[in-house]
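Shown next, in structure tokens, is the structure this report addresses.
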Amino acid sequence: MSAADKAAGASTKSVPSFCYNCVSGPDFLRVKVENGVATEIGPNFDGDRIHPAHGRPCVKAYGLVQKTYNPNRILTPMKRTNPKKGMKEEPRFVPISWDEALDTIAGKLRAIRAKGVIDEAGLPRIAASFGHGGTPANYMGTFPAFLASWGPVDYSFGSGQGVKCVHSEHLYGEFWHRAFTVSADTPHTRYNISFGANVEVTGGPTAVIRHADARIRGYKRVQVEPSLTITAACSAEWVPIRPKTDPAFMFALIHVLVREHGLDKLDIPFLRDRTASPYLLAPNGLYLRDPQTSKPLLFDEASGRVVAHDTPGAKPAVAGRHRVARAITIDADAAREDFSDVDGVTAYQALVDHMARYTPEWASDICDVPADTIRRIANEYLEAASIGETIEIDGVTLPLRPVAVTLGKSVNNGWGAFECCWARTVLAMLVGALENPGGILGTTVRINKPQENRHMSVKPGDDGFMIQYFNPTGSNSWEAQPTTRNIHRTLVPIVGRNGGWSQALGPTQLAWMFQEETPEGWNWPKPTYPELWFVYRSNPAISFWETRRLAEAAAQFPFMVAFAYTVDETNYMADILLPEATDLESNQLIRMGQTKYMEHFWDHIGVVLRQKAVEPQGEARDFSWISGELARRAGLLDGYVSQLNRGISGVSPLKGETYDFSLDSTSALDPDKVWDAVCKAATATLSQGKECHGLDWFKDHGFYAIPQSRLGWYLTPTLEKQGLRYELPYQERLLRIGRELGNRLHENEIHWWDEQLTEYVGLPDWHDVPGRWERALVNAGGSLEEFPFWLLATKSMQYHSGGNSAIALMDEVSENLHGATGVIINEKTAQKLGIRENDRVEVRSHIGATYGKAALVKGVRPDTIVIIGQFDHWATPYIKDKERASLNTIAPMSLELTDATGSGADIVRVALRRADKAVAA
Amino acid sequence: MSDKLIDRVVPRQQKEWDIKGALNFIFGGAGAGLLVASPFAAALLADPRPFLALGLVLVAAGLFSVWLKIGRPWRALHVVRRPSTSWMTREALIAPLLFGAGAAGVVTGAPLFVALAALLGVVYAYAQGRILKANIGIAAWRRPACVIVVVATGLVEGFAIVGLASLIWPSLTALGYLVAALIVARFIAWTNYVADLRRTGAPTGTLAAFDAFAPRFLWLGHAAAGALALLGALAAQPLALALGGALAAIGGALFKYTLVCRAAFTQGFALPKTPARGRSKPGPGLQPGWERPKAG
Amino acid sequence: MSATAQKRYVMAIDLRRCVGCQTCTAACKNANATPPGVQWRRVLDIETGDFPDVQRTFMPVGCMHCANPPCMHVCPTTATKLRADGLVTIDYDICIGCANCVMACPYDARSIQHVAKYAYGTPMKSEEARFDAERLGVATKCTFCKDRIDLAALTGQTPGVDPEVTPACVNSCISDAMHFGDINDPNSNVSKMLGRTEHFRMHEELGTDPSIYYIVDGEET
């Protein structure tokens, strides 16, 4: 007990816990509990030296007291009594007992199981949707064990993944360097070009403190973004680029590096040894390969001969053209082509040639940024890369390349995102800043395994690269009929097949769209509705796009079970509402450090407890209890117990070589016993058997951590040890796989995915990315004159992924930021339209309109309007009474605007005008 | 706190002292002015006691009005605890003296008490001016010129109300010269005050509020009022003086309402310099919502 | 007492670090149980320049705990006092809620709530637990978390160094922008920091001698 507690009296206690309301967690916190009532949130300074942000949570955590006692909470299980569903249909929820609720659900589950878990269309009969970036997993206790005990579950119905996450970065980042999220190595970097990466808002306390420290240290961050976001504000320079033209800017940066500076100024050893830059390309754009071994060839400067890429002692030539006497290429479907006496061009040389036309002057017109600015930034980047400099980390000398290009949402998802992700990675590659200190690094893996250690996912694969687990595209192995409603295995090879994460990263809008209408030429069974849909911490009827249409689609689902905090726009369509014990009301142990997203590479790894600080309100029940009861009543208890013992809802298996905390069918139903076992197994694993702490210990101490070398932050040394190369800059494999996918689709007379197939190229070219949205508008019958502005969405720390729009405190404090709750408009634009500060305005796209208060700023492009957050609530108590605009209401779900990875971007053409009707109170 | 997004930074109209707060200055100033004018009325052969009485009633009404406004009216007597620096305390301490002298004057009609009440009336009006001036959070109030205009306004109102009584006591029409002279004095004080604000800088909203009020105050509250008062005196026309007095008094009341409620903008916030962000250097700042003094 | 009398607690806020996240605003509201709409600490969002050369600065504000506090001078009741350690305090038992101090403060730091207000209309358990009728009808403002500073005298801890005796906003600041300490102690964290950095104080020209310093440049450590 702290001194402050002693002074406050014995009825006050301070409870350590964590916040993981957004992907940038966990952050430590303490809950002050007075006479059994949570009254205050504060930092947990016990974690000062463990947690990168010194034990401090962000603003969202301070809303948890209100979250607990919000009078609008659902506090008993409820069932719907209005059989009709829809936005206009009052659900008429009435309270029921837990027994009735659970037995009803269990009855459905048993009936479904009796029919088979896969339906006649080949799709799972059960679907589940969880909110932002996996964060619900940190609050849903043992529910993953329940789901795993069930079998196939369709995670196709996204709440925003693909369109709201950094989707292409997830997929390509993990492909190129095991980087589900790509971060600057902020503690070491000196120069950061950030294309819309709003880390001061979405990076959590860890990013905020690291970038603040970096500013004081004197790093330079250039924020390239259409509006002066918080991150742009905190940068040394803001470059207001035209929306969605980022690839052109990045291509020009590459142009300056490879054509105006040239190879001599770049990191030759890195290009030569760690990348495919020396691989020789045939005129057909495929690697020239050894006819016997099929290994890619390169020119060895030591021997003066063309040799296989893995020839010991070879000194590969990075640049140039080299004569190859005999070789083959291997195209889609293993089509071989023989070559003799052919000029092979190195992949690096192909890049140099390819970039010739992408001058800063060329990019200037497209991006609306002066060429001098682009050139200066490229020069600053190269200079800051300090090629040749080294750093010693724990006795190991590594290259120090303190430059990073980071990308944000809407830059790294949707059309153009592939180009951006590629260009950013190439920019790192050219100066050796890829997965080296100071550069860019990946913080976790989700498509590869094991999630807790990306280094262990690095194994030798084809052609000297890391192994990859694509969805097959071969004629015998391709999944010719979808097994999920978002068709991820069939359409998106790169998303892989690693269970829930691969599924959830599929083209989730397709799942929503195709429930309503399938494209012309659809020759699969019509997608079915899931017979039972679980929803938790997820509100797609607000957070996805074309949300009114989506809400009506969800209303068609026959049976929906929502774990419900309050009534909201999605669970408005639910059949059963289950009130789960929320953040401060239940226990859960999770991993921390080096396993997470954003900037969460720590100097420690360990586990941290979310602790039950207060008794659940009303009839709310611990999620782990609910999960166990569902398993028991549905006849899944054995599977549930075995999944728990496997460690699926914990941190490590409950039985290891030196310990055994296995649960049985009785103890597995008691959440305290479950978490006690999880705590013990986790500490035994982390300490390699030296320590073992149970739930009671964690209730006092909050977390358990062991030091972790920073060497673990960087992947390049791991590749070096295995003699592997990054598959850069040329994308021979993607090219081949794209052709193969095209073959499969066309064999099946599927042509509605043809545009997406154009993304599979060896080296990306600029295409008119914003023009895609303009063409889509025209195709939908609109005109550019009618909808003259770009509408973008960005995030705020107060709300980002918190599912906390019902929390009054967040609303109050977010109002302190200009535009945080309004429609952000350039003041000169507004003046021309006769719009004044705080006027009610209508933002209209070709599919609808959204309304909010005008916030006039200087810091946004005159052709761009920005809305922060995802609102426009009509059912969620408190916030529904505030008129808050949202891009989601008026951004269309569209196949045309879906890229090859299945993602889209938060951008839509709109009209803007004053709308004088009084803002709703 | 305002619910307008932008108002968190720029000066905003104060809301704590509403019309109830303004009435203390409107009634208190006019009442104090009446006390000051009473001996002059007596000198012009009118009975000063009704004016004294009305003056006391007005001062009391002003104080009552503010008592209704304060958060903890039942501990209002705590108001007397800081005479060392607080002009509100001083106002509260002057008030009983003023009521004592005034009441004695009303009861006895003795010139000594009438004169004493008049003197305390001046002090009271001055104290009110100083209450405003001490509130440095309100740019419109903190200048010495504000004290002068507040006192001048109170005096004009007092004499103007006495001028109204010329309808009953025609001998009071001679007061028209003094009323006219005081209107001129108030005009000088007012124009000096506004010019001082422009010279030294003020919130845009403050100047806008005064600018909006200026034409009516100039033409009705000063030009017409002064001319009628003078006409009343020159032509011995009580009605003219009464009209002029009424215009002058109403103008003064509206001016004080403007001063306390409409033009009273908070200081707002200033950013003298923007901070360095990484490799950038501090840049020029600004004081949003302010009219800064013109260069030179 | 002489050692105490010489203390002057100040806050040094590094504007280079602040990201406007409002964590301090929310932490203050948690720690001090202020009603909806009352923010003893908040962060302003100020835009300067012209497109495309625009800056945005985030500036935490609240009571500046002035050494020459205009609020105290005008306070007719002596409810507002200046302590020897630099804290400007309000005695809720004495204050009459005349709002004179609200007008006197050039920092918009004070407010008066005349009726109880709750986040959702009716009081939640957490609001009931911390409701304080004393605060109705009187002026309230940032106290520099006075109770914590007072606790330091009992525990021997150092405000600004030991979290338990440091204001909640400073503890909460995720960018480490806010620092607290005794400026009269040349070895305190704030003295050292202010000695090395370029800084300003708000509305210094009004003669208030405020106790919040805003850092804009210079070496921090």
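Labeling convention for the structure tokens: chains A, B, ... as they appear, residues from 1 per chain, ligands from 1 in order of appearance.
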Please check the contacts: residues of chain A at most 7 Å away from chain C, using only C-alpha atoms, listed as a PyMOL selection string. chain A and resi 4+37-43+53+56+58-59+62+69-71+200+205+208-209+212+230+233-234+240+797+808+812-813+816-818+858-859
Those same residues - C-alpha atoms - I'd like them written as a PDB file, in the first residue's frame.
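Below is the file that was written, part-v7.pdb:
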```pdb
ATOM      1  CA  ALA A   4      -1.033   8.061  -0.312  1.00  0.00           C
ATOM      2  CA  VAL A  37     -16.041   1.733  -5.947  1.00  0.00           C
ATOM      3  CA  ALA A  38     -13.473   2.495  -8.640  1.00  0.00           C
ATOM      4  CA  THR A  39     -12.907   6.215  -8.504  1.00  0.00           C
ATOM      5  CA  GLU A  40      -9.710   7.024 -10.263  1.00  0.00           C
ATOM      6  CA  ILE A  41      -7.240   5.781 -12.861  1.00  0.00           C
ATOM      7  CA  GLY A  42      -3.578   6.648 -12.730  1.00  0.00           C
ATOM      8  CA  PRO A  43      -0.203   5.391 -13.899  1.00  0.00           C
ATOM      9  CA  ALA A  53       6.051   4.848 -21.389  1.00  0.00           C
ATOM     10  CA  ARG A  56       1.546   5.540 -17.959  1.00  0.00           C
ATOM     11  CA  CYS A  58      -3.138   7.262 -22.370  1.00  0.00           C
ATOM     12  CA  VAL A  59      -6.246   9.352 -22.048  1.00  0.00           C
ATOM     13  CA  TYR A  62      -9.044   7.532 -17.703  1.00  0.00           C
ATOM     14  CA  TYR A  69     -20.615   2.934 -13.930  1.00  0.00           C
ATOM     15  CA  ASN A  70     -22.219   4.304 -17.091  1.00  0.00           C
ATOM     16  CA  PRO A  71     -25.968   4.118 -16.382  1.00  0.00           C
ATOM     17  CA  GLU A 200       1.221  10.600 -31.849  1.00  0.00           C
ATOM     18  CA  PRO A 205       2.075   6.255 -24.822  1.00  0.00           C
ATOM     19  CA  VAL A 208       4.354   9.387 -27.826  1.00  0.00           C
ATOM     20  CA  ILE A 209       7.201   9.274 -25.337  1.00  0.00           C
ATOM     21  CA  ALA A 212       8.958  13.249 -27.782  1.00  0.00           C
ATOM     22  CA  ILE A 230      -1.472  15.942 -34.332  1.00  0.00           C
ATOM     23  CA  ALA A 233       1.826  19.332 -35.796  1.00  0.00           C
ATOM     24  CA  CYS A 234       4.547  17.678 -33.764  1.00  0.00           C
ATOM     25  CA  PRO A 240       0.487  18.958 -47.470  1.00  0.00           C
ATOM     26  CA  MET A 797      -6.293   9.348 -29.287  1.00  0.00           C
ATOM     27  CA  ALA A 808     -18.879  11.266 -21.612  1.00  0.00           C
ATOM     28  CA  GLU A 812     -15.580  16.322 -23.093  1.00  0.00           C
ATOM     29  CA  VAL A 813     -11.810  16.224 -23.363  1.00  0.00           C
ATOM     30  CA  ASN A 816     -10.438  20.640 -26.513  1.00  0.00           C
ATOM     31  CA  LEU A 817      -8.873  19.725 -29.808  1.00  0.00           C
ATOM     32  CA  HIS A 818     -10.001  21.843 -32.669  1.00  0.00           C
ATOM     33  CA  LYS A 858      -5.528  26.698 -41.832  1.00  0.00           C
ATOM     34  CA  GLY A 859      -3.851  23.334 -41.575  1.00  0.00           C
TER      35      GLY A 859
END
```
Give me the residues of chain B that have any atom at most 6 Å from an atom of chain A; for each, the nearest atom pair and the distance in Å, rounded to one decimal. Use only C-alpha atoms, sort by chain and number, and format it as a tab-separated table.
```
residue	atom	partner	partner_atom	distance
B:Leu5	CA	A:His818	CA	5.9
B:Arg277	CA	A:Ala236	CA	5.0
B:Gly278	CA	A:Arg215	CA	3.7
B:Arg279	CA	A:Lys220	CA	5.1
B:Ser280	CA	A:Ala236	CA	4.8
```
Could you write out the selected residues, including C-alpha atoms, as a PDB file, in the first residue's frame?
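Heads up, here's the output in again-v1.pdb:
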```
ATOM      1  CA  LEU B   5     -14.638  24.506 -30.249  1.00  0.00           C
ATOM      2  CA  ARG B 277       9.779  20.266 -32.997  1.00  0.00           C
ATOM      3  CA  GLY B 278      12.802  18.083 -33.494  1.00  0.00           C
ATOM      4  CA  ARG B 279      15.044  19.854 -35.920  1.00  0.00           C
ATOM      5  CA  SER B 280      12.739  22.836 -36.453  1.00  0.00           C
TER       6      SER B 280
END
```
For chain C, report every residue with an atom at most 7 Å from chain B (counting only C-alpha atoms), formatted as a list in words.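 Written out as asked, the residues are Leu15, Arg16, Gly37, Leu44, Thr48, Thr57, His73, Val74, Cys75, Pro76, Thr77, Thr78, Ile94, Ile96, Gly97, Cys98, Ala99, Met103, Ala104, Cys105, Pro106, Tyr107, His114, Gly137, Val138, Met202, Val216 and Asp217 of chain C.
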From stretch 61-216 of chain C, collect each residue whose DSSP state is helix (DSSP H, G or I) and return the set as a short mmCIF file (atom, residue, chain, number, x, y, z; two decimals) with N, CA and C atoms, in the first residue's frame.
```cif
data_model
loop_
_atom_site.label_atom_id
_atom_site.label_comp_id
_atom_site.auth_asym_id
_atom_site.auth_seq_id
_atom_site.Cartn_x
_atom_site.Cartn_y
_atom_site.Cartn_z
N PRO C 70 -3.78 38.08 -9.04
CA PRO C 70 -4.86 39.05 -9.08
C PRO C 70 -6.14 38.51 -8.44
N CYS C 71 -6.33 37.20 -8.52
CA CYS C 71 -7.52 36.60 -7.93
C CYS C 71 -7.54 36.81 -6.42
N MET C 72 -6.36 36.71 -5.82
CA MET C 72 -6.29 36.89 -4.37
C MET C 72 -6.54 38.36 -4.01
N HIS C 73 -5.95 39.25 -4.79
CA HIS C 73 -6.09 40.67 -4.47
C HIS C 73 -7.55 41.10 -4.49
N VAL C 74 -8.31 40.55 -5.45
CA VAL C 74 -9.70 41.00 -5.54
C VAL C 74 -10.62 40.23 -4.61
N ASN C 100 -15.64 37.44 -8.48
CA ASN C 100 -14.66 38.50 -8.75
C ASN C 100 -13.33 37.90 -9.19
N CYS C 101 -12.92 36.83 -8.54
CA CYS C 101 -11.66 36.18 -8.90
C CYS C 101 -11.71 35.60 -10.30
N VAL C 102 -12.90 35.13 -10.71
CA VAL C 102 -13.04 34.56 -12.05
C VAL C 102 -12.69 35.63 -13.09
N MET C 103 -13.15 36.88 -12.78
CA MET C 103 -12.88 38.00 -13.69
C MET C 103 -11.43 38.45 -13.60
N ALA C 104 -10.87 38.30 -12.42
CA ALA C 104 -9.51 38.82 -12.21
C ALA C 104 -8.47 37.93 -12.86
N LYS C 125 -22.15 5.75 -9.34
CA LYS C 125 -21.54 5.39 -8.04
C LYS C 125 -20.24 6.14 -7.81
N SER C 126 -19.44 6.22 -8.86
CA SER C 126 -18.14 6.87 -8.70
C SER C 126 -18.32 8.36 -8.43
N GLU C 127 -19.36 8.94 -8.98
CA GLU C 127 -19.61 10.36 -8.73
C GLU C 127 -20.19 10.57 -7.33
N GLU C 128 -21.07 9.65 -6.95
CA GLU C 128 -21.62 9.73 -5.58
C GLU C 128 -20.51 9.64 -4.56
N ALA C 129 -19.59 8.71 -4.81
CA ALA C 129 -18.53 8.47 -3.83
C ALA C 129 -17.67 9.71 -3.62
N ARG C 130 -17.61 10.55 -4.63
CA ARG C 130 -16.68 11.67 -4.52
C ARG C 130 -17.38 13.02 -4.54
N ALA C 133 -20.33 18.63 -1.64
CA ALA C 133 -21.25 19.76 -1.70
C ALA C 133 -20.55 21.08 -1.42
N GLU C 134 -19.41 21.00 -0.73
CA GLU C 134 -18.65 22.22 -0.43
C GLU C 134 -18.24 22.98 -1.68
N ARG C 135 -18.14 22.24 -2.78
CA ARG C 135 -17.62 22.86 -4.00
C ARG C 135 -18.68 23.58 -4.81
N LYS C 146 -2.90 20.00 -4.15
CA LYS C 146 -2.43 20.47 -2.83
C LYS C 146 -2.28 19.36 -1.81
N ASP C 147 -3.24 18.43 -1.78
CA ASP C 147 -3.16 17.37 -0.77
C ASP C 147 -1.89 16.55 -0.93
N ARG C 148 -1.49 16.37 -2.16
CA ARG C 148 -0.27 15.59 -2.39
C ARG C 148 0.95 16.38 -1.92
N ILE C 149 0.93 17.68 -2.18
CA ILE C 149 2.07 18.52 -1.75
C ILE C 149 2.14 18.50 -0.22
N ASP C 150 0.97 18.57 0.40
CA ASP C 150 0.94 18.56 1.86
C ASP C 150 1.42 17.22 2.40
N LEU C 151 1.11 16.16 1.67
CA LEU C 151 1.56 14.84 2.10
C LEU C 151 3.08 14.76 2.13
N ALA C 152 3.70 15.48 1.24
CA ALA C 152 5.17 15.46 1.18
C ALA C 152 5.77 15.92 2.50
N ALA C 153 5.12 16.87 3.14
CA ALA C 153 5.64 17.36 4.42
C ALA C 153 5.62 16.25 5.47
N LEU C 154 4.65 15.34 5.33
CA LEU C 154 4.55 14.24 6.29
C LEU C 154 5.52 13.12 5.95
N THR C 155 5.67 12.85 4.68
CA THR C 155 6.44 11.67 4.28
C THR C 155 7.90 11.99 3.98
N PRO C 163 6.16 10.27 -7.27
CA PRO C 163 4.81 10.41 -7.86
C PRO C 163 3.71 10.64 -6.84
N GLU C 164 3.85 10.04 -5.66
CA GLU C 164 2.75 10.16 -4.71
C GLU C 164 2.53 11.58 -4.23
N VAL C 165 3.55 12.41 -4.37
CA VAL C 165 3.41 13.80 -3.90
C VAL C 165 3.56 14.77 -5.08
N ALA C 168 -1.35 15.22 -10.27
CA ALA C 168 -1.82 14.11 -11.12
C ALA C 168 -1.52 14.35 -12.59
N CYS C 169 -1.62 15.59 -13.03
CA CYS C 169 -1.40 15.86 -14.46
C CYS C 169 0.05 15.56 -14.82
N VAL C 170 0.96 15.93 -13.93
CA VAL C 170 2.38 15.70 -14.20
C VAL C 170 2.65 14.20 -14.23
N ASN C 171 2.10 13.51 -13.27
CA ASN C 171 2.26 12.05 -13.25
C ASN C 171 1.74 11.41 -14.53
N SER C 172 0.65 11.93 -15.02
CA SER C 172 -0.04 11.26 -16.13
C SER C 172 0.60 11.52 -17.48
N ASN C 189 14.70 19.56 -10.25
CA ASN C 189 14.57 19.22 -11.68
C ASN C 189 14.13 20.41 -12.50
N VAL C 190 13.17 21.18 -11.97
CA VAL C 190 12.67 22.30 -12.77
C VAL C 190 13.71 23.42 -12.87
N SER C 191 14.45 23.66 -11.79
CA SER C 191 15.47 24.72 -11.85
C SER C 191 16.51 24.38 -12.90
N LYS C 192 16.93 23.13 -12.87
CA LYS C 192 17.95 22.71 -13.84
C LYS C 192 17.41 22.82 -15.26
N MET C 193 16.19 22.37 -15.42
CA MET C 193 15.61 22.37 -16.77
C MET C 193 15.43 23.80 -17.27
N LEU C 194 14.95 24.67 -16.41
CA LEU C 194 14.70 26.04 -16.84
C LEU C 194 16.02 26.79 -17.04
N GLY C 195 17.04 26.36 -16.34
CA GLY C 195 18.35 27.00 -16.50
C GLY C 195 18.93 26.77 -17.88
N ARG C 196 18.53 25.66 -18.48
CA ARG C 196 19.16 25.30 -19.75
C ARG C 196 18.29 25.58 -20.97
N GLU C 204 2.90 37.41 -19.04
CA GLU C 204 3.81 37.93 -18.02
C GLU C 204 3.68 39.44 -17.87
N GLU C 205 3.31 40.10 -18.99
CA GLU C 205 3.24 41.56 -18.99
C GLU C 205 2.17 42.09 -18.04
N LEU C 206 1.28 41.21 -17.59
CA LEU C 206 0.24 41.65 -16.67
C LEU C 206 0.73 41.68 -15.22
#
```
7 Å contact set for stretch 860-873 of chain A, only C-alpha atoms, chain neighbours under 3 positions out, as a count of residues only: 34
So that I can check the surroundings of stretch 487-501 of chain A, please list as an MDAnalysis selection string every protein, DNA and RNA residue that reaches within 8 Å of it, counting only C-alpha atoms and ignoring chain neighbours fewer than 6 positions away. chainID A and resid 155 171:172 175 446:448 469:473 478:481 507 510:511 737 741 900:902
Keeping N, CA, C and O atoms for every residue in the selection just given, could you write it to a file as a compact mmCIF listing (two decimals), in the first residue's frame?
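New file result_21.txt:
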```txt
# COMPACT_ATOMS: atom_id res chain seq x y z
N TYR A 155 -14.63 -15.53 -39.81
CA TYR A 155 -14.29 -14.19 -39.30
C TYR A 155 -14.35 -13.16 -40.42
O TYR A 155 -13.69 -12.14 -40.38
N LEU A 171 0.09 -7.08 -44.90
CA LEU A 171 0.32 -8.23 -45.78
C LEU A 171 1.71 -8.19 -46.41
O LEU A 171 2.48 -9.15 -46.34
N TYR A 172 2.03 -7.05 -47.02
CA TYR A 172 3.34 -6.98 -47.68
C TYR A 172 4.47 -6.84 -46.66
O TYR A 172 5.57 -7.33 -46.86
N PHE A 175 5.24 -10.16 -45.54
CA PHE A 175 5.86 -10.88 -46.65
C PHE A 175 7.34 -10.50 -46.77
O PHE A 175 8.22 -11.35 -46.83
N ARG A 446 1.51 -11.90 -37.65
CA ARG A 446 0.17 -12.42 -37.43
C ARG A 446 -0.19 -13.48 -38.48
O ARG A 446 -1.01 -14.34 -38.23
N ILE A 447 0.43 -13.36 -39.66
CA ILE A 447 0.13 -14.33 -40.71
C ILE A 447 1.09 -15.52 -40.57
O ILE A 447 0.80 -16.62 -40.98
N ASN A 448 2.24 -15.25 -39.99
CA ASN A 448 3.21 -16.31 -39.72
C ASN A 448 3.18 -16.69 -38.25
O ASN A 448 2.64 -15.96 -37.42
N TYR A 469 4.01 -18.73 -46.61
CA TYR A 469 2.87 -19.66 -46.67
C TYR A 469 1.70 -18.99 -47.39
O TYR A 469 0.78 -18.50 -46.77
N PHE A 470 1.81 -18.96 -48.71
CA PHE A 470 0.73 -18.36 -49.50
C PHE A 470 -0.46 -19.30 -49.58
O PHE A 470 -0.32 -20.51 -49.46
N ASN A 471 -1.60 -18.71 -49.84
CA ASN A 471 -2.70 -19.55 -50.29
C ASN A 471 -2.34 -20.05 -51.68
O ASN A 471 -1.95 -19.26 -52.54
N PRO A 472 -2.46 -21.34 -51.89
CA PRO A 472 -1.97 -21.90 -53.15
C PRO A 472 -2.74 -21.37 -54.36
O PRO A 472 -3.94 -21.09 -54.28
N THR A 473 -2.01 -21.24 -55.48
CA THR A 473 -2.63 -20.80 -56.72
C THR A 473 -2.45 -21.84 -57.84
O THR A 473 -2.80 -21.58 -58.98
N TRP A 478 -5.35 -24.75 -55.74
CA TRP A 478 -6.13 -23.51 -55.52
C TRP A 478 -7.50 -23.85 -54.94
O TRP A 478 -8.13 -24.82 -55.35
N GLU A 479 -7.95 -23.04 -54.02
CA GLU A 479 -9.26 -23.27 -53.41
C GLU A 479 -10.33 -22.73 -54.36
O GLU A 479 -10.61 -21.53 -54.38
N ALA A 480 -10.87 -23.62 -55.14
CA ALA A 480 -11.75 -23.20 -56.25
C ALA A 480 -13.12 -22.77 -55.77
O ALA A 480 -13.86 -22.11 -56.50
N GLN A 481 -13.47 -23.17 -54.56
CA GLN A 481 -14.74 -22.69 -54.02
C GLN A 481 -14.49 -22.12 -52.64
O GLN A 481 -13.85 -22.76 -51.80
N PRO A 507 -10.53 -9.82 -47.72
CA PRO A 507 -11.30 -8.67 -48.22
C PRO A 507 -12.65 -8.58 -47.52
O PRO A 507 -13.67 -9.03 -48.06
N LEU A 510 -15.97 -7.57 -49.04
CA LEU A 510 -16.64 -8.49 -49.97
C LEU A 510 -17.69 -9.31 -49.23
O LEU A 510 -18.77 -9.59 -49.76
N ALA A 511 -17.35 -9.71 -48.00
CA ALA A 511 -18.31 -10.50 -47.22
C ALA A 511 -19.60 -9.71 -47.03
O ALA A 511 -20.70 -10.25 -47.20
N ILE A 737 2.79 -15.32 -59.08
CA ILE A 737 1.59 -15.78 -58.37
C ILE A 737 0.35 -15.07 -58.89
O ILE A 737 -0.71 -15.67 -59.04
N LEU A 741 -2.86 -16.88 -60.30
CA LEU A 741 -4.21 -16.62 -59.78
C LEU A 741 -5.13 -16.25 -60.94
O LEU A 741 -6.28 -16.71 -61.01
N ALA A 900 -5.85 -5.51 -54.61
CA ALA A 900 -5.60 -6.95 -54.72
C ALA A 900 -5.49 -7.63 -53.37
O ALA A 900 -5.74 -8.83 -53.25
N THR A 901 -5.14 -6.89 -52.33
CA THR A 901 -5.06 -7.51 -51.01
C THR A 901 -6.44 -7.57 -50.37
O THR A 901 -6.62 -8.16 -49.32
N GLY A 902 -7.40 -6.91 -51.01
CA GLY A 902 -8.75 -6.88 -50.45
C GLY A 902 -9.01 -5.66 -49.61
O GLY A 902 -10.00 -5.60 -48.90
```
Identify which of the residues A:Trp602, A:Tyr279, A:Trp874, A:Tyr381 lies closest to A:His51, counting only C-alpha atoms when measuring atom-to-atom distances.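 Closest candidate: A:Trp602.
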DSSP strand (DSSP E or B) selection over stretch 289-388 of chain A, as a VMD selection string: chain A and resid 289 296 to 300 305 to 308 316 321 to 330 336 to 346
For a test of reading the model, state the distance in Å between atom CA of A:Pro370 and atom CA of A:Pro770, rounded to one decimal. 18.9 Å
I'd like the neighbourhood of stretch 744-759 of chain A as a ChimeraX atom specification, where a residue qualifies if any of its atoms comes within 7 Å (using only C-alpha atoms), though same-chain residues fewer than 2 positions away should be ignored. /A:475,519,521-522,738,740-742,761,899-900
For the atom pair atom CA of B:Gly221 and atom CA of B:Gly251, what is the interatomic distance in Å to one decimal place?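 Between atom CA of B:Gly221 and atom CA of B:Gly251 the gap works out to 4.7 Å.
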What is the atom CA of A:Arg73-atom CA of A:Gly650 distance in Å, reported with one decimal?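 Taking atom CA of A:Arg73 as the start and atom CA of A:Gly650 as the end point, the length is 27.9 Å.
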So that I can see what lies close to A:Thr231, please list as a ChimeraX atom specification the residues with an atom at most 9 Å from it, counting only C-alpha atoms and leaving out residues fewer than 5 positions away in the same chain. /A:196-201,223 /C:19
Restrict the selected residues to C-alpha atoms and save them as a compact mmCIF listing (two decimals), in the first residue's frame.
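As written to disk, result.txt reads:
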```txt
# COMPACT_ATOMS: atom_id res chain seq x y z
CA GLY A 196 0.28 9.97 -42.85
CA ALA A 197 1.46 7.75 -40.01
CA ASN A 198 -0.32 9.43 -37.13
CA VAL A 199 1.75 7.84 -34.38
CA GLU A 200 1.22 10.60 -31.85
CA VAL A 201 -2.42 9.59 -31.93
CA GLN A 223 5.02 14.60 -42.13
CA VAL C 19 0.97 16.24 -28.26
```
